>>> print(open('model_13.cif').read())   # mmCIF, C-alpha atoms
data_my_file
loop_
_atom_site.group_PDB
_atom_site.id
_atom_site.type_symbol
_atom_site.label_atom_id
_atom_site.label_comp_id
_atom_site.auth_asym_id
_atom_site.auth_seq_id
_atom_site.Cartn_x
_atom_site.Cartn_y
_atom_site.Cartn_z
ATOM 1 C CA MET Z 1 2.613 1.243 22.808
ATOM 2 C CA TYR Z 2 3.546 3.063 19.613
ATOM 3 C CA PRO Z 3 2.587 6.770 19.591
ATOM 4 C CA ILE Z 4 1.013 8.272 16.486
ATOM 5 C CA GLU Z 5 2.845 11.505 15.693
ATOM 6 C CA ARG Z 6 0.964 12.739 12.649
ATOM 7 C CA VAL Z 7 -2.181 11.894 10.675
ATOM 8 C CA GLU Z 8 -2.993 13.391 7.290
ATOM 9 C CA ALA Z 9 -5.770 12.757 4.765
ATOM 10 C CA LEU Z 10 -4.203 12.391 1.302
ATOM 11 C CA ASN Z 11 -7.643 12.261 -0.293
ATOM 12 C CA VAL Z 12 -11.185 11.322 0.740
ATOM 13 C CA GLU Z 13 -10.224 7.629 0.865
ATOM 14 C CA VAL Z 14 -6.557 7.483 1.860
ATOM 15 C CA THR Z 15 -4.779 8.389 5.115
ATOM 16 C CA ARG Z 16 -1.087 8.873 5.833
ATOM 17 C CA MET Z 17 0.037 8.130 9.402
ATOM 18 C CA VAL Z 18 3.430 8.628 11.021
ATOM 19 C CA VAL Z 19 4.137 6.240 13.895
ATOM 20 C CA ARG Z 20 6.994 6.440 16.353
ATOM 21 C CA ALA Z 21 8.838 3.102 16.213
ATOM 22 C CA PRO Z 22 12.599 3.769 16.499
ATOM 23 C CA GLU Z 23 13.866 0.180 16.282
ATOM 24 C CA ILE Z 24 11.821 -0.543 13.171
ATOM 25 C CA ALA Z 25 12.741 2.799 11.571
ATOM 26 C CA ARG Z 26 16.432 1.911 11.838
ATOM 27 C CA LYS Z 27 16.019 -1.446 10.072
ATOM 28 C CA ILE Z 28 13.092 -1.331 7.659
ATOM 29 C CA LYS Z 29 13.801 -1.169 3.915
ATOM 30 C CA PRO Z 30 11.691 -0.587 0.791
ATOM 31 C CA GLY Z 31 9.285 -3.446 0.199
ATOM 32 C CA GLN Z 32 9.059 -4.555 3.821
ATOM 33 C CA PHE Z 33 5.957 -4.282 5.960
ATOM 34 C CA VAL Z 34 4.690 -4.146 9.537
ATOM 35 C CA MET Z 35 1.882 -5.989 11.310
ATOM 36 C CA LEU Z 36 -0.133 -3.672 13.517
ATOM 37 C CA ARG Z 37 -2.910 -4.014 16.050
ATOM 38 C CA ILE Z 38 -4.865 -1.053 17.387
ATOM 39 C CA ASP Z 39 -5.772 -2.569 20.754
ATOM 40 C CA GLU Z 40 -6.265 -5.875 22.563
ATOM 41 C CA GLU Z 41 -9.507 -6.596 20.711
ATOM 42 C CA GLY Z 42 -8.199 -5.580 17.294
ATOM 43 C CA GLU Z 43 -7.185 -7.857 14.438
ATOM 44 C CA ARG Z 44 -3.663 -7.873 13.043
ATOM 45 C CA ILE Z 45 -3.270 -6.272 9.627
ATOM 46 C CA PRO Z 46 -0.191 -5.918 7.378
ATOM 47 C CA LEU Z 47 0.747 -2.502 6.005
ATOM 48 C CA THR Z 48 3.768 -1.874 3.801
ATOM 49 C CA MET Z 49 6.120 0.920 4.748
ATOM 50 C CA ASN Z 50 5.623 4.132 2.776
ATOM 51 C CA ASP Z 51 8.584 5.994 4.268
ATOM 52 C CA CYS Z 52 10.814 6.038 7.323
ATOM 53 C CA ASP Z 53 13.055 8.438 9.184
ATOM 54 C CA PRO Z 54 15.736 6.564 11.167
ATOM 55 C CA GLU Z 55 16.940 9.748 12.865
ATOM 56 C CA ALA Z 56 13.460 10.765 14.008
ATOM 57 C CA GLY Z 57 12.586 7.148 14.768
ATOM 58 C CA THR Z 58 9.381 7.161 12.742
ATOM 59 C CA VAL Z 59 7.735 4.896 10.181
ATOM 60 C CA THR Z 60 5.084 6.173 7.772
ATOM 61 C CA ILE Z 61 2.179 4.032 6.617
ATOM 62 C CA VAL Z 62 -0.498 4.875 4.063
ATOM 63 C CA PHE Z 63 -3.811 3.027 4.022
ATOM 64 C CA GLN Z 64 -7.331 3.123 2.641
ATOM 65 C CA ALA Z 65 -10.312 2.772 4.980
ATOM 66 C CA VAL Z 66 -11.938 -0.198 3.255
ATOM 67 C CA GLY Z 67 -12.274 -2.703 6.112
ATOM 68 C CA ALA Z 68 -13.360 -2.643 9.743
ATOM 69 C CA THR Z 69 -9.818 -2.247 11.099
ATOM 70 C CA THR Z 70 -8.677 0.399 8.619
ATOM 71 C CA MET Z 71 -11.903 2.309 9.286
ATOM 72 C CA ARG Z 72 -10.989 2.353 12.981
ATOM 73 C CA LEU Z 73 -7.393 3.228 12.170
ATOM 74 C CA ALA Z 74 -8.457 6.221 10.070
ATOM 75 C CA ARG Z 75 -10.298 7.713 13.053
ATOM 76 C CA LEU Z 76 -7.192 7.817 15.233
ATOM 77 C CA LYS Z 77 -5.412 11.124 15.751
ATOM 78 C CA ALA Z 78 -1.969 12.395 16.637
ATOM 79 C CA GLY Z 79 -1.407 11.629 20.307
ATOM 80 C CA ASP Z 80 -3.190 8.282 20.147
ATOM 81 C CA ALA Z 81 -1.147 5.075 20.149
ATOM 82 C CA LEU Z 82 -1.149 1.628 18.579
ATOM 83 C CA MET Z 83 -0.823 -1.392 20.817
ATOM 84 C CA ASP Z 84 1.300 -3.455 18.394
ATOM 85 C CA PHE Z 85 3.546 -2.393 15.534
ATOM 86 C CA ALA Z 86 5.776 -5.327 14.607
ATOM 87 C CA GLY Z 87 8.449 -5.386 11.947
ATOM 88 C CA PRO Z 88 10.233 -5.163 9.692
ATOM 89 C CA LEU Z 89 8.667 -8.222 8.069
ATOM 90 C CA GLY Z 90 9.100 -9.691 4.610
ATOM 91 C CA ASN Z 91 12.082 -9.263 2.324
ATOM 92 C CA PRO Z 92 13.364 -5.942 0.991
ATOM 93 C CA THR Z 93 12.822 -5.382 -2.722
ATOM 94 C CA GLU Z 94 15.855 -6.406 -4.802
ATOM 95 C CA LEU Z 95 16.868 -3.062 -6.270
ATOM 96 C CA GLU Z 96 20.662 -3.269 -6.410
ATOM 97 C CA GLY Z 97 22.223 -2.834 -9.834
ATOM 98 C CA ALA Z 98 19.253 -1.297 -11.647
ATOM 99 C CA LYS Z 99 20.237 1.514 -14.018
ATOM 100 C CA ARG Z 100 16.947 2.285 -15.779
ATOM 101 C CA ALA Z 101 13.773 1.352 -13.960
ATOM 102 C CA CYS Z 102 10.047 1.886 -14.199
ATOM 103 C CA VAL Z 103 8.036 1.843 -10.979
ATOM 104 C CA ILE Z 104 4.283 1.431 -11.466
ATOM 105 C CA GLY Z 105 1.646 2.086 -8.826
ATOM 106 C CA GLY Z 106 -2.063 1.474 -9.119
ATOM 107 C CA GLY Z 107 -4.194 3.519 -6.716
ATOM 108 C CA LEU Z 108 -3.076 2.873 -3.154
ATOM 109 C CA GLY Z 109 -0.217 0.795 -4.566
ATOM 110 C CA THR Z 110 1.437 4.127 -5.379
ATOM 111 C CA ALA Z 111 2.198 4.600 -1.683
ATOM 112 C CA ILE Z 112 3.839 1.174 -1.512
ATOM 113 C CA ALA Z 113 5.826 1.758 -4.711
ATOM 114 C CA PHE Z 114 7.115 5.167 -3.601
ATOM 115 C CA PRO Z 115 9.928 3.957 -1.299
ATOM 116 C CA GLN Z 116 11.320 1.776 -4.095
ATOM 117 C CA ALA Z 117 11.313 4.708 -6.512
ATOM 118 C CA LYS Z 118 12.937 6.914 -3.877
ATOM 119 C CA TRP Z 119 15.687 4.367 -3.162
ATOM 120 C CA LEU Z 120 16.445 3.854 -6.848
ATOM 121 C CA HIS Z 121 16.534 7.596 -7.540
ATOM 122 C CA ASP Z 122 18.751 8.267 -4.525
ATOM 123 C CA HIS Z 123 21.175 5.560 -5.736
ATOM 124 C CA GLY Z 124 21.652 7.043 -9.199
ATOM 125 C CA CYS Z 125 19.091 5.037 -11.164
ATOM 126 C CA GLU Z 126 17.039 6.672 -13.911
ATOM 127 C CA VAL Z 127 13.469 6.140 -12.705
ATOM 128 C CA ASP Z 128 10.172 6.533 -14.503
ATOM 129 C CA VAL Z 129 7.148 6.385 -12.211
ATOM 130 C CA ILE Z 130 3.784 5.578 -13.783
ATOM 131 C CA THR Z 131 0.702 5.750 -11.564
ATOM 132 C CA GLY Z 132 -2.963 5.135 -12.225
ATOM 133 C CA PHE Z 133 -6.104 6.374 -10.468
ATOM 134 C CA ARG Z 134 -9.842 6.445 -11.128
ATOM 135 C CA ASN Z 135 -9.870 10.250 -11.288
ATOM 136 C CA LYS Z 136 -7.721 13.297 -10.532
ATOM 137 C CA ASP Z 137 -9.191 13.787 -7.051
ATOM 138 C CA LEU Z 138 -7.714 10.456 -5.935
ATOM 139 C CA VAL Z 139 -4.145 11.157 -7.108
ATOM 140 C CA ILE Z 140 -1.643 10.954 -4.245
ATOM 141 C CA LEU Z 141 2.052 11.703 -3.651
ATOM 142 C CA GLU Z 142 2.606 13.705 -6.851
ATOM 143 C CA ASP Z 143 5.062 16.119 -5.222
ATOM 144 C CA GLU Z 144 6.970 13.364 -3.453
ATOM 145 C CA ILE Z 145 7.282 11.349 -6.653
ATOM 146 C CA ASP Z 146 8.375 14.409 -8.631
ATOM 147 C CA ALA Z 147 11.219 14.895 -6.163
ATOM 148 C CA HIS Z 148 12.376 11.277 -6.458
ATOM 149 C CA SER Z 149 11.986 10.329 -10.101
ATOM 150 C CA THR Z 150 13.307 11.179 -13.519
ATOM 151 C CA ARG Z 151 9.857 11.209 -15.077
ATOM 152 C CA GLN Z 152 6.346 10.941 -13.640
ATOM 153 C CA ILE Z 153 3.306 9.881 -15.677
ATOM 154 C CA VAL Z 154 -0.128 9.960 -14.040
ATOM 155 C CA MET Z 155 -2.977 8.143 -15.781
ATOM 156 C CA THR Z 156 -6.664 8.401 -14.877
ATOM 157 C CA ASP Z 157 -9.539 6.156 -15.904
ATOM 158 C CA ASP Z 158 -11.791 9.103 -16.737
ATOM 159 C CA GLY Z 159 -9.121 11.430 -18.123
ATOM 160 C CA SER Z 160 -9.998 14.124 -15.583
ATOM 161 C CA ASN Z 161 -6.317 15.049 -15.251
ATOM 162 C CA GLY Z 162 -5.960 15.311 -19.032
ATOM 163 C CA ASN Z 163 -4.234 11.942 -19.346
ATOM 164 C CA LYS Z 164 -6.805 9.187 -19.885
ATOM 165 C CA GLY Z 165 -5.741 5.571 -20.057
ATOM 166 C CA LEU Z 166 -4.165 2.633 -18.292
ATOM 167 C CA VAL Z 167 -0.714 2.334 -16.745
ATOM 168 C CA THR Z 168 0.061 -0.451 -19.213
ATOM 169 C CA GLN Z 169 -0.564 1.917 -22.124
ATOM 170 C CA ALA Z 170 1.931 4.390 -20.699
ATOM 171 C CA LEU Z 171 4.408 1.569 -20.058
ATOM 172 C CA GLN Z 172 4.088 0.258 -23.607
ATOM 173 C CA GLN Z 173 4.597 3.758 -24.993
ATOM 174 C CA ARG Z 174 7.783 4.235 -22.969
ATOM 175 C CA ILE Z 175 9.091 0.845 -24.155
ATOM 176 C CA ASP Z 176 8.279 1.776 -27.747
ATOM 177 C CA GLU Z 177 10.150 5.047 -27.259
ATOM 178 C CA GLY Z 178 13.273 3.103 -26.324
ATOM 179 C CA ALA Z 179 13.222 3.387 -22.543
ATOM 180 C CA ASN Z 180 15.311 0.189 -22.356
ATOM 181 C CA TYR Z 181 14.361 -0.674 -18.772
ATOM 182 C CA ASP Z 182 16.334 -3.289 -16.888
ATOM 183 C CA LEU Z 183 13.737 -3.407 -14.100
ATOM 184 C CA VAL Z 184 9.986 -2.879 -13.874
ATOM 185 C CA LEU Z 185 8.303 -2.960 -10.477
ATOM 186 C CA ALA Z 186 4.503 -3.020 -10.164
ATOM 187 C CA VAL Z 187 2.364 -2.560 -7.058
ATOM 188 C CA GLY Z 188 -1.408 -2.408 -7.143
ATOM 189 C CA PRO Z 189 -4.496 -4.454 -7.985
ATOM 190 C CA VAL Z 190 -3.696 -8.015 -9.026
ATOM 191 C CA ILE Z 191 -5.299 -7.552 -12.445
ATOM 192 C CA MET Z 192 -3.101 -4.505 -13.080
ATOM 193 C CA MET Z 193 0.067 -6.372 -12.127
ATOM 194 C CA LYS Z 194 -0.972 -9.266 -14.372
ATOM 195 C CA PHE Z 195 -1.128 -7.027 -17.424
ATOM 196 C CA VAL Z 196 2.051 -5.134 -16.524
ATOM 197 C CA ALA Z 197 3.862 -8.492 -16.498
ATOM 198 C CA ALA Z 198 2.219 -9.442 -19.798
ATOM 199 C CA THR Z 199 3.466 -6.165 -21.296
ATOM 200 C CA THR Z 200 7.088 -6.663 -20.240
ATOM 201 C CA LYS Z 201 7.388 -10.402 -20.890
ATOM 202 C CA PRO Z 202 7.938 -10.216 -24.686
ATOM 203 C CA TYR Z 203 10.909 -7.915 -24.052
ATOM 204 C CA GLY Z 204 12.497 -10.039 -21.328
ATOM 205 C CA ILE Z 205 12.436 -7.156 -18.854
ATOM 206 C CA LYS Z 206 12.930 -8.228 -15.239
ATOM 207 C CA THR Z 207 9.576 -7.572 -13.571
ATOM 208 C CA LEU Z 208 8.768 -7.712 -9.868
ATOM 209 C CA VAL Z 209 5.258 -7.566 -8.465
ATOM 210 C CA SER Z 210 4.319 -6.977 -4.825
ATOM 211 C CA MET Z 211 1.672 -9.447 -3.654
ATOM 212 C CA ASN Z 212 -0.650 -8.598 -0.787
ATOM 213 C CA PRO Z 213 -2.864 -11.640 -0.103
ATOM 214 C CA LEU Z 214 -4.763 -12.353 3.093
ATOM 215 C CA MET Z 215 -2.277 -12.464 5.958
ATOM 216 C CA ILE Z 216 -2.769 -13.399 9.608
ATOM 217 C CA ASP Z 217 0.573 -13.493 11.427
ATOM 218 C CA GLY Z 218 3.203 -12.332 8.923
ATOM 219 C CA THR Z 219 5.653 -15.071 9.926
ATOM 220 C CA GLY Z 220 4.719 -17.944 7.594
ATOM 221 C CA MET Z 221 2.821 -19.957 10.195
ATOM 222 C CA CYS Z 222 -0.801 -19.500 9.142
ATOM 223 C CA GLY Z 223 -0.415 -20.314 5.446
ATOM 224 C CA GLY Z 224 -3.103 -17.845 4.473
ATOM 225 C CA CYS Z 225 -0.832 -15.747 2.256
ATOM 226 C CA ARG Z 226 0.131 -18.498 -0.184
ATOM 227 C CA VAL Z 227 0.951 -17.333 -3.699
ATOM 228 C CA LYS Z 228 1.437 -19.706 -6.625
ATOM 229 C CA VAL Z 229 4.722 -18.855 -8.322
ATOM 230 C CA GLY Z 230 5.691 -21.178 -11.148
ATOM 231 C CA ASP Z 231 5.072 -24.726 -9.978
ATOM 232 C CA GLU Z 232 5.111 -24.057 -6.246
ATOM 233 C CA TYR Z 233 3.209 -22.208 -3.566
ATOM 234 C CA LEU Z 234 5.198 -19.637 -1.633
ATOM 235 C CA HIS Z 235 4.284 -17.437 1.331
ATOM 236 C CA ALA Z 236 4.052 -13.711 0.641
ATOM 237 C CA CYS Z 237 5.054 -12.873 4.210
ATOM 238 C CA VAL Z 238 8.384 -14.732 4.331
ATOM 239 C CA ASP Z 239 9.209 -15.511 0.681
ATOM 240 C CA GLY Z 240 7.953 -12.153 -0.625
ATOM 241 C CA PRO Z 241 6.140 -9.901 -0.794
ATOM 242 C CA ASP Z 242 7.913 -9.368 -4.153
ATOM 243 C CA PHE Z 243 7.908 -12.133 -6.750
ATOM 244 C CA ASP Z 244 8.917 -12.646 -10.366
ATOM 245 C CA GLY Z 245 6.008 -11.106 -12.228
ATOM 246 C CA HIS Z 246 6.352 -13.530 -15.120
ATOM 247 C CA LEU Z 247 5.860 -16.570 -12.858
ATOM 248 C CA VAL Z 248 2.978 -15.521 -10.591
ATOM 249 C CA ASP Z 249 -0.379 -17.238 -11.156
ATOM 250 C CA TYR Z 250 -2.560 -14.130 -11.052
ATOM 251 C CA ASP Z 251 -5.833 -15.954 -11.678
ATOM 252 C CA ASP Z 252 -5.209 -18.145 -8.623
ATOM 253 C CA ALA Z 253 -4.352 -15.041 -6.585
ATOM 254 C CA MET Z 254 -7.574 -13.337 -7.633
ATOM 255 C CA ARG Z 255 -9.633 -16.394 -6.711
ATOM 256 C CA ARG Z 256 -8.032 -16.572 -3.275
ATOM 257 C CA GLY Z 257 -8.466 -12.830 -2.828
ATOM 258 C CA VAL Z 258 -12.264 -13.009 -2.846
ATOM 259 C CA MET Z 259 -12.683 -16.118 -0.658
ATOM 260 C CA TYR Z 260 -13.513 -14.122 2.469
ATOM 261 C CA ARG Z 261 -15.201 -11.146 0.863
ATOM 262 C CA SER Z 262 -18.573 -11.857 2.511
ATOM 263 C CA PHE Z 263 -16.930 -11.920 5.967
ATOM 264 C CA GLU Z 264 -15.055 -8.697 5.216
ATOM 265 C CA THR Z 265 -18.256 -7.028 4.047
ATOM 266 C CA ALA Z 266 -20.110 -8.114 7.179
ATOM 267 C CA ALA Z 267 -17.332 -6.812 9.448
ATOM 268 C CA ARG Z 268 -17.273 -3.510 7.578
ATOM 269 C CA GLU Z 269 -21.040 -3.118 7.903
ATOM 270 C CA VAL Z 270 -20.888 -3.839 11.641
ATOM 271 C CA GLU Z 271 -18.165 -1.218 12.092
ATOM 272 C CA ALA Z 272 -20.071 1.334 9.999
ATOM 273 C CA GLY Z 273 -23.183 0.687 12.075
ATOM 274 C CA ARG Z 274 -21.245 1.103 15.287
ATOM 275 C CA VAL Z 275 -19.819 4.422 14.117
ATOM 276 C CA ALA Z 276 -23.258 5.629 13.066
ATOM 277 C CA SER Z 277 -24.673 4.617 16.450
ATOM 278 C CA GLU Z 278 -21.907 6.455 18.292
ATOM 279 C CA GLY Z 279 -22.588 9.486 16.161
ATOM 280 C CA ARG Z 280 -26.268 9.416 17.099
ATOM 281 C CA ASP Z 281 -25.417 8.960 20.751
ATOM 282 C CA CYS Z 282 -22.986 11.861 20.651
ATOM 283 C CA GLY Z 283 -25.544 13.974 18.856
ATOM 284 C CA GLY Z 284 -28.192 13.131 21.440
ATOM 285 C CA ALA Z 285 -25.824 13.886 24.289
ATOM 286 C CA ALA Z 286 -24.879 17.215 22.738
ATOM 287 C CA ALA Z 287 -28.516 18.158 22.301
ATOM 288 C CA ALA Z 288 -29.281 17.206 25.913
ATOM 289 C CA ALA Z 289 -26.318 19.234 27.164
ATOM 290 C CA SER Z 290 -27.468 22.214 25.118
ATOM 291 C CA ALA Z 291 -30.988 21.959 26.520
ATOM 292 C CA GLU Z 292 -29.618 21.685 30.064
ATOM 293 C CA GLY Z 293 -27.494 24.762 29.440
ATOM 294 C CA GLU Z 294 -30.505 26.728 28.259
ATOM 295 C CA ARG Z 295 -32.485 25.743 31.359
ATOM 296 C CA LYS Z 296 -29.615 26.965 33.552
ATOM 297 C CA GLY Z 297 -29.352 30.197 31.597
ATOM 298 C CA ALA Z 298 -25.937 29.359 30.160
#
>>> encode(input="model_13.cif", output="structure tokens")
Amino acid sequence: MYPIERVEALNVEVTRMVVRAPEIARKIKPGQFVMLRIDEEGERIPLTMNDCDPEAGTVTIVFQAVGATTMRLARLKAGDALMDFAGPLGNPTELEGAKRACVIGGGLGTAIAFPQAKWLHDHGCEVDVITGFRNKDLVILEDEIDAHSTRQIVMTDDGSNGNKGLVTQALQQRIDEGANYDLVLAVGPVIMMKFVAATTKPYGIKTLVSMNPLMIDGTGMCGGCRVKVGDEYLHACVDGPDFDGHLVDYDDAMRRGVMYRSFETAAREVEAGRVASEGRDCGGAAAAASAEGERKGA
């Protein structure tokens, strides 16, 4: 079992969780992920490392409660434990040698991009971090990014933070200003990564994108996480999760990404119904206990 040491809501949708896993904490590097399972009946899900503390023996994950398993995960508290927490899996991001880099995170992808930005900054690289969110209330990790970047630019779709626009607009502006990046790393929705790669391609800037397709085992056996890169299909779990952004077939990735949406929706609705039912049961039990207390003169 893997004890949960801390749970924190970063916003109404996103949770940060610190898990005690000493062996993984000593080995995991930016870009790598873990496969976790809550209990014997739970499904396995991949989550990329957000941070780690080898001395404390902890690994931090950040996730959004959008599916049945992540909804269950978000209800766990410090003191609870996960049954499985396997890793590190995948390949570390190739960051060596970068002198001027731009790390781009879209929504939850910001949490996945943070360890790369931190590593680059700590190794003397000049790092711009550009992040994008729907609105200012969903912005995460601003303080952490400030501490581990040369420049931070936060874009919002609605301009509620005073900076309306897309991450690609901010990227193009920095390129036009002479940023002279030798590495751009993008993590987020597939459509965002597609247009980041399209922005950098005319300039020949090395661009890595982190792919997160459907994944079952994380070891290359199931074949569910295939990504078309150039003329071949590769597995995100063992060949990635980072790939050359100028070679990825994003349209194919988007098609594959929605293949099981109806099943995911059904599972989410079942979980939501179960939670609602438990809430009603708890409410009924509380009311009964209160009534019993009144009868006994409590």
>>> closest_atom_pairs(input="model_13.cif", of="stretch 47-148 of chain Z", to="stretch 159-179 of chain Z", cutoff="9 Å", atoms="all atoms listed in the file", output="CSV")
residue,atom,partner,partner_atom,distance
Z:Arg100,CA,Z:Ala179,CA,7.8
Z:Ala101,CA,Z:Ala179,CA,8.8
Z:Cys102,CA,Z:Leu171,CA,8.1
Z:Ile104,CA,Z:Val167,CA,7.3
Z:Gly105,CA,Z:Val167,CA,8.3
Z:Gly106,CA,Z:Val167,CA,7.8
Z:Ile130,CA,Z:Val167,CA,6.3
Z:Thr131,CA,Z:Val167,CA,6.4
Z:Gly132,CA,Z:Val167,CA,5.8
Z:Phe133,CA,Z:Leu166,CA,8.9
Z:Arg134,CA,Z:Gly159,CA,8.6
Z:Asn135,CA,Z:Ser160,CA,5.8
Z:Lys136,CA,Z:Asn161,CA,5.2
Z:Asp137,CA,Z:Ser160,CA,8.6
>>> resolve_selection(input="model_13.cif", expression="the PyMOL selection byres ((chain Z and resi 89) around 6)", output="list in words")
Gln32, Phe33, Val34, Gly87, Pro88 and Gly90 of chain Z
>>> resolve_selection(input="model_13.cif", expression="the PyMOL selection byres ((chain Z and resi 235) around 8)", output="list in words")
Gly220, Gly223, Cys225, Arg226, Val227, Tyr233, Leu234, Ala236, Cys237, Val238, Asp239 and Gly240 of chain Z
>>> atom_distance(input="model_13.cif", atom1="atom CA of Z:Gly188", atom2="atom CA of Z:Asp249")
15.4 Å
>>> resolve_selection(input="model_13.cif", expression="the PyMOL selection byres ((chain Z and resi 42-58) around 6)", output="PyMOL selection string")
chain Z and resi 19-22+25-26+32-41+59-61+111-112+115
>>> closest_residue(input="model_13.cif", among="Z:Val103, Z:Ser149, Z:Leu138, Z:Ile191", to="Z:His121", atoms="all atoms listed in the file")
Z:Ser149
>>> residues_around(input="model_13.cif", residues="stretch 201-208 of chain Z", least_positions_apart="3", cutoff="12 Å", atoms="all atoms listed in the file", output="PDB file with C-alpha atoms, in the coordinates of the input")
ATOM      1  CA  GLY Z  31       9.285  -3.446   0.199  1.00  0.00           C
ATOM      2  CA  PRO Z  92      13.364  -5.942   0.991  1.00  0.00           C
ATOM      3  CA  THR Z  93      12.822  -5.382  -2.722  1.00  0.00           C
ATOM      4  CA  GLU Z  94      15.855  -6.406  -4.802  1.00  0.00           C
ATOM      5  CA  LEU Z  95      16.868  -3.062  -6.270  1.00  0.00           C
ATOM      6  CA  ALA Z  98      19.253  -1.297 -11.647  1.00  0.00           C
ATOM      7  CA  ARG Z 100      16.947   2.285 -15.779  1.00  0.00           C
ATOM      8  CA  ALA Z 101      13.773   1.352 -13.960  1.00  0.00           C
ATOM      9  CA  CYS Z 102      10.047   1.886 -14.199  1.00  0.00           C
ATOM     10  CA  VAL Z 103       8.036   1.843 -10.979  1.00  0.00           C
ATOM     11  CA  ILE Z 104       4.283   1.431 -11.466  1.00  0.00           C
ATOM     12  CA  ALA Z 113       5.826   1.758  -4.711  1.00  0.00           C
ATOM     13  CA  GLN Z 116      11.320   1.776  -4.095  1.00  0.00           C
ATOM     14  CA  LEU Z 171       4.408   1.569 -20.058  1.00  0.00           C
ATOM     15  CA  GLN Z 172       4.088   0.258 -23.607  1.00  0.00           C
ATOM     16  CA  ILE Z 175       9.091   0.845 -24.155  1.00  0.00           C
ATOM     17  CA  ASP Z 176       8.279   1.776 -27.747  1.00  0.00           C
ATOM     18  CA  GLY Z 178      13.273   3.103 -26.324  1.00  0.00           C
ATOM     19  CA  ALA Z 179      13.222   3.387 -22.543  1.00  0.00           C
ATOM     20  CA  ASN Z 180      15.311   0.189 -22.356  1.00  0.00           C
ATOM     21  CA  TYR Z 181      14.361  -0.674 -18.772  1.00  0.00           C
ATOM     22  CA  ASP Z 182      16.334  -3.289 -16.888  1.00  0.00           C
ATOM     23  CA  LEU Z 183      13.737  -3.407 -14.100  1.00  0.00           C
ATOM     24  CA  VAL Z 184       9.986  -2.879 -13.874  1.00  0.00           C
ATOM     25  CA  LEU Z 185       8.303  -2.960 -10.477  1.00  0.00           C
ATOM     26  CA  ALA Z 186       4.503  -3.020 -10.164  1.00  0.00           C
ATOM     27  CA  VAL Z 187       2.364  -2.560  -7.058  1.00  0.00           C
ATOM     28  CA  GLY Z 188      -1.408  -2.408  -7.143  1.00  0.00           C
ATOM     29  CA  MET Z 193       0.067  -6.372 -12.127  1.00  0.00           C
ATOM     30  CA  LYS Z 194      -0.972  -9.266 -14.372  1.00  0.00           C
ATOM     31  CA  PHE Z 195      -1.128  -7.027 -17.424  1.00  0.00           C
ATOM     32  CA  VAL Z 196       2.051  -5.134 -16.524  1.00  0.00           C
ATOM     33  CA  ALA Z 197       3.862  -8.492 -16.498  1.00  0.00           C
ATOM     34  CA  ALA Z 198       2.219  -9.442 -19.798  1.00  0.00           C
ATOM     35  CA  MET Z 211       1.672  -9.447  -3.654  1.00  0.00           C
ATOM     36  CA  VAL Z 229       4.722 -18.855  -8.322  1.00  0.00           C
ATOM     37  CA  GLY Z 240       7.953 -12.153  -0.625  1.00  0.00           C
ATOM     38  CA  PRO Z 241       6.140  -9.901  -0.794  1.00  0.00           C
ATOM     39  CA  ASP Z 242       7.913  -9.368  -4.153  1.00  0.00           C
ATOM     40  CA  PHE Z 243       7.908 -12.133  -6.750  1.00  0.00           C
ATOM     41  CA  ASP Z 244       8.917 -12.646 -10.366  1.00  0.00           C
ATOM     42  CA  GLY Z 245       6.008 -11.106 -12.228  1.00  0.00           C
ATOM     43  CA  HIS Z 246       6.352 -13.530 -15.120  1.00  0.00           C
ATOM     44  CA  LEU Z 247       5.860 -16.570 -12.858  1.00  0.00           C
ATOM     45  CA  VAL Z 248       2.978 -15.521 -10.591  1.00  0.00           C
TER      46      VAL Z 248
END
>>> atom_distance(input="model_13.cif", atom1="atom CA of Z:Val129", atom2="atom CA of Z:Val62")
18.0 Å
>>> closest_residue(input="model_13.cif", among="Z:Ala68, Z:Cys125, Z:Ala117, Z:Met17", to="Z:His148", atoms="all atoms listed in the file")
Z:Ala117
>>> closest_residue(input="model_13.cif", among="Z:Gly107, Z:Pro213, Z:Pro30, Z:Gly218", to="Z:Asp157", atoms="all atoms listed in the file")
Z:Gly107
>>> atom_distance(input="model_13.cif", atom1="atom CA of Z:Leu141", atom2="atom CA of Z:Phe114")
8.3 Å
>>> closest_residue(input="model_13.cif", among="Z:Arg72, Z:Lys118, Z:Arg256, Z:Lys228", to="Z:Thr15", atoms="only C-alpha atoms")
Z:Arg72
